[in-house]
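Dumped target39.txt below, it's compact mmCIF, N, CA and C atoms:
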```txt
# COMPACT_ATOMS: atom_id res chain seq x y z
N GLN A 1 144.71 77.62 103.93
CA GLN A 1 143.45 78.01 103.31
C GLN A 1 143.04 79.39 103.83
N VAL A 2 142.76 80.30 102.91
CA VAL A 2 142.39 81.65 103.28
C VAL A 2 140.93 81.69 103.70
N GLN A 3 140.67 82.34 104.81
CA GLN A 3 139.30 82.52 105.28
C GLN A 3 139.09 83.96 105.71
N LEU A 4 137.93 84.49 105.35
CA LEU A 4 137.47 85.78 105.84
C LEU A 4 136.20 85.50 106.63
N VAL A 5 136.22 85.79 107.91
CA VAL A 5 135.08 85.46 108.77
C VAL A 5 134.49 86.74 109.32
N GLU A 6 133.25 87.01 108.89
CA GLU A 6 132.54 88.20 109.37
C GLU A 6 131.79 87.89 110.66
N SER A 7 131.62 88.92 111.47
CA SER A 7 130.82 88.81 112.68
C SER A 7 130.24 90.19 113.01
N GLY A 8 129.26 90.19 113.91
CA GLY A 8 128.69 91.45 114.36
C GLY A 8 127.36 91.81 113.77
N GLY A 9 126.88 91.01 112.83
CA GLY A 9 125.57 91.28 112.25
C GLY A 9 124.46 90.98 113.24
N GLY A 10 123.24 91.35 112.87
CA GLY A 10 122.11 91.08 113.74
C GLY A 10 120.93 91.94 113.38
N LEU A 11 119.98 91.98 114.32
CA LEU A 11 118.74 92.74 114.16
C LEU A 11 118.84 94.01 115.00
N VAL A 12 118.52 95.14 114.38
CA VAL A 12 118.59 96.41 115.09
C VAL A 12 117.46 97.31 114.60
N GLN A 13 117.01 98.20 115.44
CA GLN A 13 115.96 99.14 115.05
C GLN A 13 116.56 100.28 114.23
N ALA A 14 115.73 100.87 113.41
CA ALA A 14 116.17 102.03 112.63
C ALA A 14 116.72 103.10 113.57
N GLY A 15 117.83 103.68 113.15
CA GLY A 15 118.51 104.67 113.97
C GLY A 15 119.59 104.09 114.86
N GLY A 16 119.62 102.78 114.94
CA GLY A 16 120.61 102.11 115.79
C GLY A 16 121.95 101.93 115.11
N SER A 17 122.83 101.21 115.80
CA SER A 17 124.20 101.01 115.32
C SER A 17 124.61 99.55 115.43
N LEU A 18 125.50 99.17 114.55
CA LEU A 18 126.15 97.86 114.60
C LEU A 18 127.59 98.04 114.17
N ARG A 19 128.44 97.15 114.66
CA ARG A 19 129.84 97.14 114.23
C ARG A 19 130.17 95.76 113.69
N LEU A 20 130.50 95.70 112.41
CA LEU A 20 130.90 94.45 111.78
C LEU A 20 132.42 94.30 111.88
N SER A 21 132.84 93.07 112.04
CA SER A 21 134.26 92.74 112.04
C SER A 21 134.50 91.65 111.01
N CYS A 22 135.69 91.65 110.45
CA CYS A 22 136.08 90.60 109.51
C CYS A 22 137.52 90.22 109.81
N ALA A 23 137.69 89.00 110.29
CA ALA A 23 139.02 88.50 110.62
C ALA A 23 139.51 87.58 109.51
N ALA A 24 140.69 87.87 109.00
CA ALA A 24 141.28 87.05 107.94
C ALA A 24 142.28 86.07 108.53
N SER A 25 142.31 84.90 107.95
CA SER A 25 143.29 83.89 108.36
C SER A 25 143.80 83.16 107.13
N GLY A 26 144.96 82.55 107.29
CA GLY A 26 145.55 81.80 106.18
C GLY A 26 146.46 82.64 105.29
N ARG A 27 146.38 83.95 105.43
CA ARG A 27 147.23 84.84 104.63
C ARG A 27 147.16 86.22 105.27
N THR A 28 148.25 86.94 105.21
CA THR A 28 148.27 88.29 105.76
C THR A 28 147.85 89.28 104.68
N PHE A 29 146.87 90.12 105.01
CA PHE A 29 146.34 91.09 104.04
C PHE A 29 146.69 92.53 104.40
N SER A 30 147.67 92.72 105.25
CA SER A 30 147.99 94.07 105.71
C SER A 30 148.47 94.97 104.58
N SER A 31 148.88 94.42 103.45
CA SER A 31 149.39 95.22 102.34
C SER A 31 148.35 95.48 101.26
N TYR A 32 147.13 95.05 101.50
CA TYR A 32 146.11 95.09 100.43
C TYR A 32 144.86 95.84 100.85
N VAL A 33 144.11 96.22 99.82
CA VAL A 33 142.82 96.88 100.04
C VAL A 33 141.82 95.87 100.61
N MET A 34 141.09 96.29 101.62
CA MET A 34 140.01 95.48 102.17
C MET A 34 138.72 96.29 102.14
N GLY A 35 137.60 95.61 102.15
CA GLY A 35 136.36 96.36 102.06
C GLY A 35 135.14 95.55 102.39
N TRP A 36 133.98 96.17 102.08
CA TRP A 36 132.69 95.54 102.34
C TRP A 36 131.75 95.77 101.15
N PHE A 37 131.04 94.73 100.80
CA PHE A 37 129.93 94.79 99.87
C PHE A 37 128.69 94.31 100.61
N ARG A 38 127.53 94.54 100.02
CA ARG A 38 126.30 94.01 100.61
C ARG A 38 125.35 93.59 99.51
N GLN A 39 124.44 92.70 99.88
CA GLN A 39 123.43 92.24 98.93
C GLN A 39 122.09 92.11 99.64
N ALA A 40 121.13 92.88 99.18
CA ALA A 40 119.78 92.81 99.70
C ALA A 40 118.96 91.79 98.89
N PRO A 41 117.90 91.27 99.47
CA PRO A 41 117.09 90.29 98.75
C PRO A 41 116.59 90.81 97.41
N GLY A 42 116.82 90.05 96.36
CA GLY A 42 116.35 90.44 95.04
C GLY A 42 117.18 91.50 94.36
N LYS A 43 118.29 91.88 94.97
CA LYS A 43 119.14 92.92 94.38
C LYS A 43 120.55 92.40 94.14
N GLU A 44 121.29 93.11 93.32
CA GLU A 44 122.67 92.74 93.06
C GLU A 44 123.56 93.18 94.22
N ARG A 45 124.72 92.55 94.32
CA ARG A 45 125.68 92.98 95.33
C ARG A 45 126.13 94.40 95.02
N GLU A 46 126.27 95.20 96.05
CA GLU A 46 126.69 96.58 95.85
C GLU A 46 127.84 96.93 96.78
N PHE A 47 128.69 97.81 96.30
CA PHE A 47 129.82 98.29 97.08
C PHE A 47 129.34 99.12 98.26
N VAL A 48 130.00 98.93 99.41
CA VAL A 48 129.68 99.71 100.60
C VAL A 48 130.86 100.62 100.98
N ALA A 49 132.01 100.01 101.21
CA ALA A 49 133.18 100.80 101.65
C ALA A 49 134.44 100.00 101.42
N ALA A 50 135.55 100.73 101.30
CA ALA A 50 136.85 100.08 101.15
C ALA A 50 137.92 100.96 101.78
N ILE A 51 139.05 100.32 102.14
CA ILE A 51 140.13 101.03 102.81
C ILE A 51 141.45 100.50 102.28
N GLU A 52 142.36 101.42 101.93
CA GLU A 52 143.64 100.96 101.42
C GLU A 52 144.53 100.51 102.58
N TRP A 53 145.66 99.92 102.25
CA TRP A 53 146.45 99.17 103.21
C TRP A 53 146.85 99.95 104.45
N SER A 54 147.14 101.24 104.32
CA SER A 54 147.61 102.02 105.46
C SER A 54 146.47 102.56 106.30
N GLY A 55 145.28 102.55 105.74
CA GLY A 55 144.14 103.12 106.44
C GLY A 55 143.93 104.59 106.18
N ARG A 56 144.85 105.22 105.44
CA ARG A 56 144.75 106.67 105.21
C ARG A 56 143.67 107.03 104.20
N THR A 57 143.40 106.14 103.26
CA THR A 57 142.42 106.43 102.22
C THR A 57 141.25 105.47 102.31
N THR A 58 140.07 106.03 102.32
CA THR A 58 138.86 105.22 102.35
C THR A 58 137.93 105.66 101.22
N ARG A 59 136.97 104.79 100.94
CA ARG A 59 136.00 105.09 99.90
C ARG A 59 134.65 104.55 100.35
N TYR A 60 133.59 105.30 100.09
CA TYR A 60 132.25 104.90 100.53
C TYR A 60 131.25 105.06 99.40
N ALA A 61 130.24 104.21 99.44
CA ALA A 61 129.09 104.41 98.57
C ALA A 61 128.35 105.65 99.06
N ASP A 62 127.74 106.37 98.14
CA ASP A 62 127.01 107.58 98.52
C ASP A 62 125.91 107.29 99.53
N SER A 63 125.34 106.11 99.44
CA SER A 63 124.21 105.77 100.30
C SER A 63 124.60 105.60 101.77
N VAL A 64 125.89 105.41 102.05
CA VAL A 64 126.31 105.20 103.44
C VAL A 64 127.25 106.29 103.94
N LYS A 65 127.65 107.18 103.06
CA LYS A 65 128.60 108.23 103.43
C LYS A 65 128.05 109.05 104.59
N GLY A 66 128.89 109.28 105.58
CA GLY A 66 128.47 110.04 106.75
C GLY A 66 127.83 109.20 107.84
N ARG A 67 127.47 107.97 107.53
CA ARG A 67 126.85 107.09 108.51
C ARG A 67 127.73 105.89 108.86
N PHE A 68 128.48 105.40 107.87
CA PHE A 68 129.33 104.22 108.07
C PHE A 68 130.80 104.66 108.10
N THR A 69 131.60 103.93 108.88
CA THR A 69 133.04 104.19 108.93
C THR A 69 133.78 102.87 108.84
N ILE A 70 134.69 102.78 107.89
CA ILE A 70 135.52 101.60 107.74
C ILE A 70 136.88 101.86 108.37
N SER A 71 137.43 100.83 109.01
CA SER A 71 138.75 100.94 109.62
C SER A 71 139.41 99.57 109.58
N ARG A 72 140.69 99.53 109.90
CA ARG A 72 141.39 98.26 109.88
C ARG A 72 142.46 98.23 110.96
N ASP A 73 142.79 97.00 111.38
CA ASP A 73 143.87 96.76 112.32
C ASP A 73 144.77 95.73 111.66
N ASN A 74 145.85 96.18 111.07
CA ASN A 74 146.72 95.26 110.32
C ASN A 74 147.41 94.24 111.23
N ALA A 75 147.64 94.60 112.45
CA ALA A 75 148.26 93.66 113.39
C ALA A 75 147.34 92.47 113.65
N LYS A 76 146.03 92.71 113.55
CA LYS A 76 145.05 91.64 113.77
C LYS A 76 144.50 91.08 112.46
N ASN A 77 144.98 91.62 111.32
CA ASN A 77 144.50 91.14 110.02
C ASN A 77 142.97 91.26 109.93
N THR A 78 142.46 92.37 110.41
CA THR A 78 141.02 92.55 110.59
C THR A 78 140.57 93.90 110.03
N VAL A 79 139.39 93.89 109.43
CA VAL A 79 138.76 95.12 108.97
C VAL A 79 137.40 95.25 109.66
N TYR A 80 137.00 96.49 109.91
CA TYR A 80 135.77 96.77 110.64
C TYR A 80 134.86 97.68 109.81
N LEU A 81 133.57 97.62 110.13
CA LEU A 81 132.61 98.55 109.55
C LEU A 81 131.67 99.00 110.67
N GLN A 82 131.85 100.25 111.08
CA GLN A 82 130.97 100.84 112.07
C GLN A 82 129.78 101.45 111.34
N MET A 83 128.58 100.98 111.67
CA MET A 83 127.38 101.44 110.99
C MET A 83 126.47 102.16 111.98
N ASN A 84 126.28 103.44 111.76
CA ASN A 84 125.43 104.26 112.61
C ASN A 84 124.20 104.75 111.83
N SER A 85 123.22 105.22 112.55
CA SER A 85 122.00 105.75 111.93
C SER A 85 121.45 104.79 110.89
N LEU A 86 121.34 103.55 111.26
CA LEU A 86 120.92 102.53 110.31
C LEU A 86 119.49 102.74 109.85
N LYS A 87 119.25 102.39 108.59
CA LYS A 87 117.94 102.54 107.96
C LYS A 87 117.45 101.17 107.49
N PRO A 88 116.16 101.00 107.33
CA PRO A 88 115.66 99.70 106.83
C PRO A 88 116.29 99.32 105.49
N GLU A 89 116.61 100.28 104.67
CA GLU A 89 117.23 99.98 103.37
C GLU A 89 118.67 99.50 103.48
N ASP A 90 119.23 99.52 104.68
CA ASP A 90 120.56 98.94 104.90
C ASP A 90 120.48 97.43 105.13
N THR A 91 119.28 96.91 105.24
CA THR A 91 119.11 95.47 105.44
C THR A 91 119.70 94.70 104.27
N ALA A 92 120.63 93.78 104.59
CA ALA A 92 121.32 93.02 103.55
C ALA A 92 122.26 92.02 104.22
N VAL A 93 122.81 91.15 103.40
CA VAL A 93 123.96 90.34 103.83
C VAL A 93 125.22 91.14 103.49
N TYR A 94 126.07 91.31 104.47
CA TYR A 94 127.28 92.10 104.30
C TYR A 94 128.48 91.16 104.15
N TYR A 95 129.27 91.41 103.10
CA TYR A 95 130.41 90.57 102.78
C TYR A 95 131.72 91.34 102.93
N CYS A 96 132.67 90.70 103.58
CA CYS A 96 134.02 91.23 103.68
C CYS A 96 134.79 90.81 102.42
N VAL A 97 135.61 91.72 101.90
CA VAL A 97 136.32 91.43 100.66
C VAL A 97 137.77 91.91 100.73
N VAL A 98 138.61 91.30 99.91
CA VAL A 98 140.01 91.71 99.78
C VAL A 98 140.37 91.79 98.30
N ASP A 99 141.08 92.86 97.96
CA ASP A 99 141.63 93.04 96.61
C ASP A 99 143.13 92.77 96.69
N SER A 100 143.54 91.60 96.25
CA SER A 100 144.96 91.23 96.38
C SER A 100 145.74 91.41 95.07
N ARG A 101 145.21 92.26 94.18
CA ARG A 101 145.91 92.44 92.90
C ARG A 101 147.22 93.18 93.07
N TYR A 102 147.24 94.21 93.92
CA TYR A 102 148.43 95.05 94.05
C TYR A 102 148.74 95.30 95.52
N ARG A 103 150.01 95.13 95.87
CA ARG A 103 150.42 95.47 97.23
C ARG A 103 150.59 96.98 97.33
N TYR A 104 150.25 97.51 98.49
CA TYR A 104 150.45 98.92 98.80
C TYR A 104 149.76 99.86 97.80
N SER A 105 148.61 99.44 97.29
CA SER A 105 147.85 100.30 96.41
C SER A 105 147.33 101.51 97.18
N ALA A 106 147.39 102.68 96.54
CA ALA A 106 146.96 103.90 97.21
C ALA A 106 145.49 104.20 96.98
N SER A 107 144.84 103.38 96.19
CA SER A 107 143.42 103.61 95.91
C SER A 107 142.61 102.37 96.23
N ALA A 108 141.34 102.55 96.49
CA ALA A 108 140.44 101.46 96.83
C ALA A 108 139.33 101.38 95.79
N SER A 109 139.19 100.23 95.18
CA SER A 109 138.21 100.06 94.12
C SER A 109 136.80 99.85 94.67
N SER A 110 135.82 100.25 93.87
CA SER A 110 134.42 99.98 94.20
C SER A 110 133.82 98.93 93.27
N TYR A 111 134.66 98.32 92.44
CA TYR A 111 134.17 97.35 91.48
C TYR A 111 134.18 95.93 92.04
N TYR A 112 133.08 95.27 91.91
CA TYR A 112 132.91 93.90 92.37
C TYR A 112 134.02 93.00 91.86
N SER A 113 134.35 93.10 90.58
CA SER A 113 135.27 92.17 89.95
C SER A 113 136.73 92.37 90.39
N ASP A 114 137.03 93.46 91.07
CA ASP A 114 138.40 93.70 91.52
C ASP A 114 138.73 92.97 92.82
N TYR A 115 137.74 92.40 93.45
CA TYR A 115 137.94 91.75 94.74
C TYR A 115 137.95 90.23 94.56
N ASP A 116 139.05 89.59 94.99
CA ASP A 116 139.20 88.17 94.72
C ASP A 116 139.04 87.29 95.95
N TYR A 117 138.91 87.87 97.12
CA TYR A 117 138.60 87.08 98.31
C TYR A 117 137.31 87.62 98.92
N TRP A 118 136.41 86.68 99.25
CA TRP A 118 135.11 87.04 99.80
C TRP A 118 134.82 86.19 101.03
N GLY A 119 134.23 86.81 102.04
CA GLY A 119 133.75 86.05 103.17
C GLY A 119 132.40 85.43 102.88
N GLN A 120 131.86 84.72 103.87
CA GLN A 120 130.57 84.06 103.71
C GLN A 120 129.39 85.00 103.92
N GLY A 121 129.65 86.11 104.56
CA GLY A 121 128.60 87.10 104.77
C GLY A 121 127.98 87.04 106.16
N THR A 122 127.48 88.18 106.61
CA THR A 122 126.75 88.27 107.87
C THR A 122 125.50 89.10 107.64
N GLN A 123 124.39 88.62 108.20
CA GLN A 123 123.10 89.27 107.96
C GLN A 123 122.93 90.49 108.87
N VAL A 124 122.52 91.58 108.27
CA VAL A 124 122.15 92.78 109.01
C VAL A 124 120.69 93.09 108.66
N THR A 125 119.86 93.17 109.68
CA THR A 125 118.45 93.47 109.48
C THR A 125 118.08 94.69 110.30
N VAL A 126 117.53 95.69 109.63
CA VAL A 126 117.13 96.93 110.30
C VAL A 126 115.62 97.04 110.24
N SER A 127 115.00 97.05 111.39
CA SER A 127 113.54 97.14 111.44
C SER A 127 113.08 98.59 111.56
N SER A 128 111.92 98.86 110.99
CA SER A 128 111.41 100.24 111.01
C SER A 128 110.55 100.50 112.22
```
When written as C-alpha cells, how does the structure in this file appear?
Amino acid sequence: QVQLVESGGGLVQAGGSLRLSCAASGRTFSSYVMGWFRQAPGKEREFVAAIEWSGRTTRYADSVKGRFTISRDNAKNTVYLQMNSLKPEDTAVYYCVVDSRYRYSASASSYYSDYDYWGQGTQVTVSS
C-alpha cells in the first residue's frame, strides 16, 4: 500500500520558517515528479512547488517564489519543502503529491489533475 506521510507542519510567527518533509512508502518514486499543493480554509487546492526526478528542474507558484525551496532525496524516497519568510496567507493544509504518469519526466506539472498520489496533509499556521 502506497503512503505519503507529511511532517513538519505547525504554528509559526510571520517571518519565520518551517521545513516540511514527505516520506513515501510502498513504492519507489525516485523516477517521478513530486511536489506540494496547499489548501486554505474556504479556498481551492493550489499548486505550491514541484521537482522532477533528478532534482535539476523545479517549479514554483508565483506566490512562493523566492521564499520556498523544494528538494528531494531519492535514496530516502522523500521530498522536502523549506519555507522561509512565511506570511499569514501561507496558512493552509499542505499536501505532498506524486505524478506517476511518466518516468524520468523532465518537466513538473502545476495541474491538480496530473497528480495521482496524495498525502493526508499537514497543517501550517502562520500568525501575524
#### Entry: Interatomic distance, atom C of Gly42 of chain A to atom C of Thr57 of chain A (Å, one decimal)
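Separating atom C of Gly42 of chain A from atom C of Thr57 of chain A is a distance of 28.9 Å.
Proximity to Glu6 of chain A was assessed for A:Gly35, A:Pro88, A:Pro41, A:Gly55 counting only C-alpha atoms; the smallest distance is recorded for A:Gly35.
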### Message
Between A:Arg38, A:Arg56, A:Arg19, A:Arg45, which residue has the minimum interatomic distance to Ala106 of chain A, considering only N, CA and C atoms?
### Response
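Ranking A:Arg38, A:Arg56, A:Arg19, A:Arg45 by distance to Ala106 of chain A, first place goes to A:Arg56.
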*asked:* List the spatial neighbours of Trp118 of chain A as JSON, numbers by chain - criterion: any atom at most 8 Å away, only C-alpha atoms, same-chain residues fewer than 3 positions off excluded.
replied: {"A": [4, 95, 96, 97, 98, 115]}
Test item: residues at most 7 Å from Met83 of chain A, all atoms listed in the file, excluding those fewer than 4 positions along its chain, as a ChimeraX atom specification
/A:16-20,67-69
Q: Determine the nearest neighbour of Val33 of chain A from the options A:Tyr111, A:Tyr104, A:Tyr60, A:Tyr94, counting only N, CA and C atoms.
A: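 Once distances to Val33 of chain A are computed over only N, CA and C atoms, the minimum belongs to A:Tyr104.
Shortest separation to Ala92 of chain A among A:Ala50, A:Ser7, A:Val12, A:Thr125 occurs at residue A:Thr125, atoms counted being all atoms listed in the file.
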What separates atom N of Asp73 of chain A and atom CA of Tyr32 of chain A is a distance of 11.6 Å
Would you compute, for all listed atoms of segment 82-98 of chain A, the axis-aligned bounding box grown by 8 Å on each side, and then report its centre and edge lengths in Å rounded to one decimal, as lines of an AutoDock Vina configuration file?
```
center_x = 128.0
center_y = 98.0
center_z = 105.5
size_x = 40.7
size_y = 31.4
size_z = 30.3
```
Please run DSSP on the backbone and report, as a ChimeraX atom specification, all residues within chain A that come out as strand (DSSP E).
/A:3-7,10-13,18-25,33-39,46-51,58-60,68-73,78-83,92-99,117-118,122-127
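Across the model, the gap from atom CA of Leu11 of chain A to atom C of Ala40 of chain A is 15.3 Å.
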From the list A:Thr28, A:Ser127, A:Gln13, A:Ser100, which residue is nearest Asp114 of chain A when using only C-alpha atoms?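 Checking each candidate against Asp114 of chain A, we get A:Ser100 as the closest.
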Nearest to Trp53 of chain A by atom-to-atom distance, counting only C-alpha atoms, from A:Ala24, A:Val124, A:Met34, A:Ile70
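Under the stated criterion, the closest residue is A:Met34.
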- Query: Which residues, written as a PyMOL selection string, have at least one atom at most 5 Å from segment 46-49 of chain A, with all atoms listed in the file counted and residues fewer than 2 positions away on the same chain left out?
  - Reply: chain A and resi 35-39+44+51+59-61
Using the atoms already present, construct N, CA, C and O atoms for segment 11-34 of chain A and hand them back as a CSV table (one decimal), in the frame of the given file.
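The resulting file, rebuild29.csv, is reproduced below:
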```
chain,number,residue,atom,x,y,z
A,11,LEU,N,120.0,92.0,114.3
A,11,LEU,CA,118.7,92.7,114.2
A,11,LEU,C,118.8,94.0,115.0
A,11,LEU,O,119.2,93.9,116.2
A,12,VAL,N,118.5,95.1,114.4
A,12,VAL,CA,118.6,96.4,115.1
A,12,VAL,C,117.5,97.3,114.6
A,12,VAL,O,117.0,97.2,113.5
A,13,GLN,N,117.0,98.2,115.4
A,13,GLN,CA,116.0,99.1,115.0
A,13,GLN,C,116.6,100.3,114.2
A,13,GLN,O,117.8,100.6,114.4
A,14,ALA,N,115.7,100.9,113.4
A,14,ALA,CA,116.2,102.0,112.6
A,14,ALA,C,116.7,103.1,113.6
A,14,ALA,O,116.2,103.4,114.6
A,15,GLY,N,117.8,103.7,113.2
A,15,GLY,CA,118.5,104.7,114.0
A,15,GLY,C,119.6,104.1,114.9
A,15,GLY,O,120.4,104.8,115.4
A,16,GLY,N,119.6,102.8,114.9
A,16,GLY,CA,120.6,102.1,115.8
A,16,GLY,C,122.0,101.9,115.1
A,16,GLY,O,122.2,102.4,114.0
A,17,SER,N,122.8,101.2,115.8
A,17,SER,CA,124.2,101.0,115.3
A,17,SER,C,124.6,99.6,115.4
A,17,SER,O,124.1,98.8,116.3
A,18,LEU,N,125.5,99.2,114.6
A,18,LEU,CA,126.2,97.9,114.6
A,18,LEU,C,127.6,98.0,114.2
A,18,LEU,O,127.9,98.9,113.4
A,19,ARG,N,128.4,97.2,114.7
A,19,ARG,CA,129.8,97.1,114.2
A,19,ARG,C,130.2,95.8,113.7
A,19,ARG,O,130.1,94.8,114.4
A,20,LEU,N,130.5,95.7,112.4
A,20,LEU,CA,130.9,94.4,111.8
A,20,LEU,C,132.4,94.3,111.9
A,20,LEU,O,133.2,95.3,111.8
A,21,SER,N,132.8,93.1,112.0
A,21,SER,CA,134.3,92.7,112.0
A,21,SER,C,134.5,91.6,111.0
A,21,SER,O,133.6,90.8,110.8
A,22,CYS,N,135.7,91.6,110.4
A,22,CYS,CA,136.1,90.6,109.5
A,22,CYS,C,137.5,90.2,109.8
A,22,CYS,O,138.4,91.0,109.6
A,23,ALA,N,137.7,89.0,110.3
A,23,ALA,CA,139.0,88.5,110.6
A,23,ALA,C,139.5,87.6,109.5
A,23,ALA,O,138.8,86.6,109.1
A,24,ALA,N,140.7,87.9,109.0
A,24,ALA,CA,141.3,87.0,107.9
A,24,ALA,C,142.3,86.1,108.5
A,24,ALA,O,143.0,86.4,109.5
A,25,SER,N,142.3,84.9,108.0
A,25,SER,CA,143.3,83.9,108.4
A,25,SER,C,143.8,83.2,107.1
A,25,SER,O,143.2,83.2,106.1
A,26,GLY,N,145.0,82.6,107.3
A,26,GLY,CA,145.6,81.8,106.2
A,26,GLY,C,146.5,82.6,105.3
A,26,GLY,O,147.2,82.1,104.5
A,27,ARG,N,146.4,84.0,105.4
A,27,ARG,CA,147.2,84.8,104.6
A,27,ARG,C,147.2,86.2,105.3
A,27,ARG,O,146.1,86.6,105.8
A,28,THR,N,148.2,86.9,105.2
A,28,THR,CA,148.3,88.3,105.8
A,28,THR,C,147.8,89.3,104.7
A,28,THR,O,148.4,89.3,103.6
A,29,PHE,N,146.9,90.1,105.0
A,29,PHE,CA,146.3,91.1,104.0
A,29,PHE,C,146.7,92.5,104.4
A,29,PHE,O,146.1,93.5,103.9
A,30,SER,N,147.7,92.7,105.2
A,30,SER,CA,148.0,94.1,105.7
A,30,SER,C,148.5,95.0,104.6
A,30,SER,O,148.5,96.2,104.7
A,31,SER,N,148.9,94.4,103.4
A,31,SER,CA,149.4,95.2,102.3
A,31,SER,C,148.4,95.5,101.3
A,31,SER,O,148.7,96.1,100.2
A,32,TYR,N,147.1,95.0,101.5
A,32,TYR,CA,146.1,95.1,100.4
A,32,TYR,C,144.9,95.8,100.8
A,32,TYR,O,144.6,96.0,102.0
A,33,VAL,N,144.1,96.2,99.8
A,33,VAL,CA,142.8,96.9,100.0
A,33,VAL,C,141.8,95.9,100.6
A,33,VAL,O,141.7,94.7,100.1
A,34,MET,N,141.1,96.3,101.6
A,34,MET,CA,140.0,95.5,102.2
A,34,MET,C,138.7,96.3,102.1
A,34,MET,O,138.8,97.5,102.1
```
